[in-house]
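K.L.:
Pasting in a structure now, in C-alpha cells, and then I'll have a few things to ask.
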Amino acid sequence: MSRGRRVYEGKAKILYEGPEPGTLVQHFKDDATAFNKKKQDRIEGKGVLNNRISEYLFQKLGEMGVPTHFVKRLNMREQLIRAVEIIPVEVVVRNVAAGAIVKRLGLDEGTQLPRSIVEFNYKSDELDDPIVSEEHITAFGWANPQEIDEMIALSLRINDFLSGLFLGVGIRLVDFKIEFGRLIENDMMRIVLADEISPDCCRLWDIETQDKMDKDRFREDLGGLIEAYREVARRLGLFIENRPGDGAGPVLVSSK
Ligand code: UDP
C-alpha cells in the first residue's frame, strides 16, 4: 500500500495522502505531549498500542451503526481512513469528575456526575482549546445547529457503548474527547466520527483499584504508561504483534 505526501503533522499523529483520492493514511507516533506541548516526551510503543486500540474501538462503533472515517488498519502504526473536513470543535463527554471540570467547578475528582455531560472546546493550540458553547459554534460558523445536534446524539451513543464495553473489562470510562468530520458521499454530506479513540484521549480507571490507565500517567508523572496502555489492550482481547523495530517491547506469553 503506497502512501503519498505528508499533508498534516499533529502532536501524536501524521496524515499522509492515501492510495486513492479521498483517502488518507493516519500514522500514530510515539510522541506524548500534555499541557499544550509544555510537557513532551517520546514513549516507545505508544503509537502501536493506540493504533490497535483505536482500530478496535472504531470497528466496534462502526458495527453498531456509528459512521466513522476508519477503513482498515494497514500495519503496526498506520490505518487507512476516509479524508474528511474536520469540524474545529473537540467534543468531551464526562461521566465522572476529573481534569479540567474539577478545577473549573471546584468538584472532587472521582465524583459521579448527575448525568453524562457533553462539552465543546474550540480546537486552537494558541488559545489552549477553550471551552465554548453552542452559541459560539454557530455564531462563528464552526458548525450549524443540525451538525451540533448530530454530534451530541452520536457522542452520547458512543459514550453508552464505550462505557459498557469498558465496564465489561473492569474499566471505568471517566471521560473522553472525540472529533467529528464532514464526509461528502454521493453529493450528500454527513457527520462521521474521525481522529482516534485511545487512552491518549480518554480517562480510564481500573474499577477495583481506581488506578489510572490513560494519559494522566504521563500528565501526572505517575510512570508505567506503556504498561497501562498494554493492559487496556490486553483486557479488550487485543493481541499486539511484536516485530523488531516496532518498539512495542517484549511481550511475555503465558504457557498456561
Ligand atoms: N482531552 C484530549 N485532548 C485535549 C484535551 C482533553 O484528548 O486536547 C481528553 C482528556 O484526555 C480527557 C478528556 O478529553 O480524557 C477531558 O479532558 P479535560 O477537558 O478534563 O482536559 P484536561 O484536564 O485533560 O486538560
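As shown in the C-alpha cells, the chain order sets the letters A, B, ...; within each chain, residues go from 1, and ligands are also counted from 1 in the order they appear.
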Please identify every polymer residue within 7 Å of ligand 1, using only C-alpha atoms and all ligand atoms, and present the set as a PyMOL selection string.

P.N.:
chain A and resi 35+92+98-101+129+175-177+200-203+215

K.L.:
Taking the chain letters and numbering used in this document, name the residues of stretch 92-234 of chain A that DSSP puts in strand (DSSP E), as number ranges by chain.

P.N.:
A: 92-96, 112-122, 131-132, 171-185, 188-194, 202-206

K.L.:
Applying 10 Å and only C-alpha atoms, which residues near A:Phe161 remain after dropping the ones on its own chain fewer than 3 positions away? List them as a PDB file with N, CA, C and O atoms, in the first residue's frame.

P.N.:
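Everything below was put into selection18.pdb:
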ATOM      1  N   LEU A  57     -11.827   0.038  18.593  1.00  0.00           N
ATOM      2  CA  LEU A  57     -12.990   0.803  19.055  1.00  0.00           C
ATOM      3  C   LEU A  57     -13.771   1.379  17.868  1.00  0.00           C
ATOM      4  O   LEU A  57     -14.998   1.355  17.860  1.00  0.00           O
ATOM      5  N   LYS A  60     -15.753  -1.489  16.292  1.00  0.00           N
ATOM      6  CA  LYS A  60     -16.922  -1.842  17.103  1.00  0.00           C
ATOM      7  C   LYS A  60     -18.011  -0.783  16.964  1.00  0.00           C
ATOM      8  O   LYS A  60     -19.198  -1.100  16.836  1.00  0.00           O
ATOM      9  N   LEU A  61     -17.617   0.494  16.999  1.00  0.00           N
ATOM     10  CA  LEU A  61     -18.602   1.578  16.865  1.00  0.00           C
ATOM     11  C   LEU A  61     -19.255   1.528  15.489  1.00  0.00           C
ATOM     12  O   LEU A  61     -20.465   1.723  15.358  1.00  0.00           O
ATOM     13  N   MET A  64     -21.936  -0.983  15.314  1.00  0.00           N
ATOM     14  CA  MET A  64     -23.236  -0.658  15.933  1.00  0.00           C
ATOM     15  C   MET A  64     -23.861   0.596  15.314  1.00  0.00           C
ATOM     16  O   MET A  64     -24.779   1.200  15.855  1.00  0.00           O
ATOM     17  N   SER A 155     -22.274  11.429  20.118  1.00  0.00           N
ATOM     18  CA  SER A 155     -21.374  11.377  21.279  1.00  0.00           C
ATOM     19  C   SER A 155     -22.016  10.604  22.426  1.00  0.00           C
ATOM     20  O   SER A 155     -21.340   9.821  23.119  1.00  0.00           O
ATOM     21  N   LEU A 156     -23.310  10.802  22.648  1.00  0.00           N
ATOM     22  CA  LEU A 156     -23.976  10.090  23.744  1.00  0.00           C
ATOM     23  C   LEU A 156     -24.099   8.596  23.438  1.00  0.00           C
ATOM     24  O   LEU A 156     -23.953   7.757  24.324  1.00  0.00           O
ATOM     25  N   ARG A 157     -24.341   8.277  22.173  1.00  0.00           N
ATOM     26  CA  ARG A 157     -24.381   6.855  21.789  1.00  0.00           C
ATOM     27  C   ARG A 157     -23.002   6.220  21.967  1.00  0.00           C
ATOM     28  O   ARG A 157     -22.874   5.088  22.445  1.00  0.00           O
ATOM     29  N   ILE A 158     -21.985   6.950  21.543  1.00  0.00           N
ATOM     30  CA  ILE A 158     -20.613   6.447  21.686  1.00  0.00           C
ATOM     31  C   ILE A 158     -20.293   6.249  23.171  1.00  0.00           C
ATOM     32  O   ILE A 158     -19.719   5.241  23.572  1.00  0.00           O
ATOM     33  N   GLY A 164     -20.139   0.726  28.444  1.00  0.00           N
ATOM     34  CA  GLY A 164     -20.482  -0.690  28.652  1.00  0.00           C
ATOM     35  C   GLY A 164     -19.332  -1.610  28.280  1.00  0.00           C
ATOM     36  O   GLY A 164     -19.029  -2.566  28.999  1.00  0.00           O
ATOM     37  N   LEU A 165     -18.701  -1.288  27.159  1.00  0.00           N
ATOM     38  CA  LEU A 165     -17.573  -2.114  26.693  1.00  0.00           C
ATOM     39  C   LEU A 165     -16.452  -2.130  27.739  1.00  0.00           C
ATOM     40  O   LEU A 165     -15.934  -3.199  28.103  1.00  0.00           O
ATOM     41  N   PHE A 166     -16.105  -0.942  28.239  1.00  0.00           N
ATOM     42  CA  PHE A 166     -15.010  -0.875  29.220  1.00  0.00           C
ATOM     43  C   PHE A 166     -15.427  -1.470  30.568  1.00  0.00           C
ATOM     44  O   PHE A 166     -14.638  -2.157  31.219  1.00  0.00           O
ATOM     45  N   LEU A 167     -16.680  -1.225  30.963  1.00  0.00           N
ATOM     46  CA  LEU A 167     -17.157  -1.799  32.226  1.00  0.00           C
ATOM     47  C   LEU A 167     -17.016  -3.321  32.206  1.00  0.00           C
ATOM     48  O   LEU A 167     -16.619  -3.931  33.200  1.00  0.00           O
TER      49      LEU A 167
END

K.L.:
For a test of reading the model, state the distance in Å between atom CA of A:Asp195 and atom CA of A:Tyr8, rounded to one decimal.

P.N.:
12.5 Å

K.L.:
Which residues of stretch 174-221 of chain A come within 12 Å of stretch 149-152 of chain A, and what is each one's closest atom pair and distance in Å (one decimal), counting only C-alpha atoms, sorted by chain and residue number, as JSON lines?

P.N.:
{"residue": "A:Ile178", "atom": "CA", "partner": "A:Met151", "partner_atom": "CA", "distance": 9.7}
{"residue": "A:Glu179", "atom": "CA", "partner": "A:Met151", "partner_atom": "CA", "distance": 8.9}
{"residue": "A:Phe180", "atom": "CA", "partner": "A:Met151", "partner_atom": "CA", "distance": 7.3}
{"residue": "A:Gly181", "atom": "CA", "partner": "A:Met151", "partner_atom": "CA", "distance": 9.7}
{"residue": "A:Arg182", "atom": "CA", "partner": "A:Met151", "partner_atom": "CA", "distance": 11.0}
{"residue": "A:Arg190", "atom": "CA", "partner": "A:Glu150", "partner_atom": "CA", "distance": 9.4}
{"residue": "A:Ile191", "atom": "CA", "partner": "A:Glu150", "partner_atom": "CA", "distance": 7.3}
{"residue": "A:Val192", "atom": "CA", "partner": "A:Met151", "partner_atom": "CA", "distance": 8.7}
{"residue": "A:Leu193", "atom": "CA", "partner": "A:Met151", "partner_atom": "CA", "distance": 8.7}
{"residue": "A:Ala194", "atom": "CA", "partner": "A:Met151", "partner_atom": "CA", "distance": 11.5}

K.L.:
Give me the residues within 12 Å of A:Arg217 as number ranges by chain, counting only C-alpha atoms and dropping any in the same chain fewer than 2 places off.

P.N.:
A: 32-34, 43, 199-200, 202-205, 211-215, 219-229

K.L.:
Keeping N, CA and C atoms for every residue in the selection just given, could you write it to a file as a compact mmCIF listing (two decimals), in the first residue's frame?

P.N.:
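Output file out.txt is given in full below:
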# COMPACT_ATOMS: atom_id res chain seq x y z
N ALA A 32 4.45 11.97 23.07
CA ALA A 32 3.41 12.30 24.06
C ALA A 32 3.57 13.77 24.41
N THR A 33 2.47 14.49 24.40
CA THR A 33 2.52 15.89 24.82
C THR A 33 1.36 16.13 25.79
N ALA A 34 1.55 17.11 26.65
CA ALA A 34 0.47 17.49 27.57
C ALA A 34 0.62 18.97 27.86
N ILE A 43 7.43 8.07 24.01
CA ILE A 43 7.20 6.86 24.79
C ILE A 43 7.10 5.70 23.82
N PRO A 199 -6.26 5.52 24.80
CA PRO A 199 -6.02 6.02 26.16
C PRO A 199 -5.37 7.41 26.19
N ASP A 200 -4.93 7.92 25.02
CA ASP A 200 -4.42 9.29 24.95
C ASP A 200 -5.53 10.32 25.11
N CYS A 202 -8.80 9.46 26.45
CA CYS A 202 -9.86 9.02 27.38
C CYS A 202 -9.27 9.04 28.79
N ARG A 203 -10.14 9.11 29.78
CA ARG A 203 -9.70 8.76 31.13
C ARG A 203 -10.30 7.41 31.47
N LEU A 204 -9.43 6.46 31.80
CA LEU A 204 -9.83 5.08 32.06
C LEU A 204 -9.28 4.68 33.43
N TRP A 205 -10.18 4.34 34.36
CA TRP A 205 -9.75 3.95 35.71
C TRP A 205 -10.12 2.49 35.96
N ASP A 211 -6.81 2.67 39.72
CA ASP A 211 -5.57 3.05 39.03
C ASP A 211 -5.89 3.71 37.69
N LYS A 212 -5.10 4.72 37.34
CA LYS A 212 -5.29 5.41 36.06
C LYS A 212 -4.60 4.62 34.96
N MET A 213 -5.33 4.37 33.88
CA MET A 213 -4.80 3.56 32.78
C MET A 213 -4.77 4.39 31.49
N ASP A 214 -4.45 5.66 31.59
CA ASP A 214 -4.56 6.59 30.46
C ASP A 214 -3.45 7.62 30.51
N LYS A 215 -3.58 8.65 29.68
CA LYS A 215 -2.50 9.64 29.54
C LYS A 215 -2.24 10.45 30.81
N ARG A 219 0.74 12.90 32.21
CA ARG A 219 0.49 14.27 32.70
C ARG A 219 0.92 14.42 34.16
N GLU A 220 0.67 13.38 34.96
CA GLU A 220 0.91 13.48 36.40
C GLU A 220 2.20 12.79 36.83
N ASP A 221 3.05 12.42 35.86
CA ASP A 221 4.35 11.77 36.16
C ASP A 221 4.19 10.51 37.01
N LEU A 222 3.19 9.71 36.71
CA LEU A 222 2.96 8.50 37.51
C LEU A 222 3.81 7.33 37.02
N GLY A 223 4.35 7.43 35.79
CA GLY A 223 5.13 6.31 35.21
C GLY A 223 4.20 5.19 34.77
N GLY A 224 4.79 4.18 34.13
CA GLY A 224 4.02 2.99 33.76
C GLY A 224 2.97 3.20 32.69
N LEU A 225 3.18 4.18 31.81
CA LEU A 225 2.16 4.46 30.79
C LEU A 225 2.00 3.30 29.82
N ILE A 226 3.12 2.81 29.31
CA ILE A 226 3.03 1.73 28.31
C ILE A 226 2.40 0.49 28.91
N GLU A 227 2.78 0.19 30.15
CA GLU A 227 2.21 -0.98 30.82
C GLU A 227 0.69 -0.82 30.95
N ALA A 228 0.25 0.40 31.27
CA ALA A 228 -1.19 0.65 31.44
C ALA A 228 -1.92 0.52 30.09
N TYR A 229 -1.35 1.11 29.03
CA TYR A 229 -1.99 1.03 27.71
C TYR A 229 -2.04 -0.43 27.25
